[in-house]
Every structure is written in C-alpha cells, then in structure tokens.
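A.B. asks: If you scroll down you'll find the structure; I have some questions about it.
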Amino acid sequence: MTIDHAQTLPPGPRRSIEIDRDEALRLLGSVAFGRIVFTRHALPTIRPVNHILDNGDIIIRTHEGAALTSRARQADGQGVVVAYEADAIDPDRHLGWSVTVTGYAHLVTEPEELARYRALLNPWVNQTMDYAVRIRPDLITGLRITDANT
C-alpha cells in the first residue's frame with residue numbers, strides 16, 4: 001500500500017462543535033448530494049444519492065430494481081428505518097460540517113406529489129428513476145469542524 005504524503009496537514013488542531021436541528025437542516029438543504037444508509041440482507045448498505053429538502057423531509061429518487069425501493073415497498077405503514085448523511089468538508093483545510101438524519105423512509109405514492117418530485121429532482125445517473133422516497137427525520141445531529149484557535 002502506498003501512502004501519498006504530498007498533501008500537508010493544515011497547521012493547528014481542529015475541534016468539533018455540535019449544531020442544532022435548524023442549522024443542520026439548513027446545511028443539509030445547501031447541498032445536493034448525500035449518502036443513504038439502510039439494511040439489506042440484515043447488513044448496512046450505503047448508496048450515494050442526490051436529494052432535495054421539502055418542508056424538512058429529504059426526498060430522493062429511486063428505480064424499480066433498487067434495493068431501497070424494494071425495502072420501502074415491503075415495509076409496513078411505519079416505513080423502513082434509514083440514516084442519511086451529507087457533508088461539506090474541505091479536504092485541504094480539514095474544515096466543514098457533517099449532518100446525519102435518522103428516520104423512516106416511505107415511497108411517495110400520491111401521483112401529483114410524485115410528478116412534482118420528478119420535475120424538481122433530476123437524478124445524476126442516466127437511468128429511469130420512476131420512484132421517489134421521502135425520509136421523515138426523527139433524529140437530526142450535526143457537527144461543524146473548526147480551527148481550534150478561532
């Protein structure tokens with residue numbers, strides 16, 4: 001294994017500061033990319049996806065063969081437990097933030113609502129995405145990584 005030492009660490013230590021729910025949701029809404037975590041065959045699975053925030057809910061698009069589509073379809077009325085993480089961390093300065101949301105995911109089944117999300121959220125992959133999933137946050141945590149000297 002080769003370790004690339006070309007990148008030097010920034011001077012000084014870092015500290016993490018917890019951010020409140022409102023700030024965490026604001027930050028989450030400021031980016032379009034995150035990672036969804038769900039259970040597949042009793043093991044955690046992580047997928048990168050793009051998202052929008054709609055009235056505090058996270059909306060992503062999926063397709064017929066997606067594991068998350070299948071899991072959400074099989075879940076009872078409560079939905080399927082998922083986690084969602086997004087961040088913006090500068091790789092050179094090692095500063096930024098991270099937000100994690102835990103909640104229940106449901107397939108969006110209302111035709112007008114689904115059409116609205118299809119218009120608002122364009123998948124980044126070249127694949128037909130006929131489904132949308134809504135994640136209702138129950139637990140929202142976030143932290144900001146700052147220079148410890150400021």
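By convention in this document, the chains of the structure tokens carry letters A, B, ... by their order, each chain's residues are numbered from 1, and ligands are numbered from 1 in the order they are shown.
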Near stretch 134-143 of chain A, within 10 Å and counting only C-alpha atoms, which residues show up once chain neighbours fewer than 3 positions away are dropped, as a PyMOL selection string?

C.D. replies: chain A and resi 15-25+27-28+36+51-61+72+79-87+96-108+146

A.B. asks: Based on the backbone DSSP call, show me all residues of chain A assigned strand (DSSP E or B), as a ChimeraX atom specification.

C.D. replies: /A:14-19,33-40,43-50,52-54,57-62,80-89,96-107,131-147

A.B. asks: Can you measure atom CA of A:Gly77 to atom CA of A:Leu120 for me? One decimal in Å is fine.

C.D. replies: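 Pair atom CA of A:Gly77 / atom CA of A:Leu120 returns 25.7 Å.
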
A.B. asks: Hey, which of A:Ile145, A:Leu68, A:Val49, A:Leu114 ends up closest to A:Ala32? Count only C-alpha atoms.

C.D. replies: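 Smallest distance to A:Ala32 is found for A:Val49.
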
A.B. asks: Which one of A:Arg144, A:Arg26, A:Arg118, A:Arg40 sits closest to A:Ser70 if you count only C-alpha atoms?

C.D. replies: A:Arg40

A.B. asks: What parts of stretch 7-86 of chain A does DSSP call alpha helix (DSSP H)? I'd like the answer as a PyMOL selection string.

C.D. replies: chain A and resi 21-29+67-74

A.B. asks: Counting only C-alpha atoms, which of A:Ala66, A:Ala88, A:Ala75, A:Ala42 gets nearest to A:Gly29?

C.D. replies: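 For A:Gly29, the nearest of the candidates is A:Ala88.
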
A.B. asks: Nearest to A:Arg71 among A:Gln127, A:Thr39, A:Ser30, A:Thr45, with distances taken over only C-alpha atoms: which residue is it?

C.D. replies: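 Comparing A:Gln127, A:Thr39, A:Ser30, A:Thr45 against A:Arg71, the winner is A:Thr39.
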
A.B. asks: To one decimal place, how far is atom CA of A:His41 from atom CA of A:Asp76 in Å?

C.D. replies: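 Going from atom CA of A:His41 over to atom CA of A:Asp76 covers 17.3 Å.
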
A.B. asks: Just how far from atom CA of A:Ile89 is atom CA of A:Met129, in Å to one decimal?

C.D. replies: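 About the pair atom CA of A:Met129 and atom CA of A:Ile89: they are 28.8 Å apart.
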
A.B. asks: Given only C-alpha atoms as the basis, pick out the residue of A:Gly65, A:Pro111, A:Pro48, A:Pro13 nearest to A:Trp124.

C.D. replies: A:Pro48

A.B. asks: Pick the closest to A:His63 from A:Val37, A:Ile46, A:Ala115, A:Ala132: which is it, counting only C-alpha atoms?

C.D. replies: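 When distances to A:His63 are compared using only C-alpha atoms, the smallest one comes from A:Ala132.
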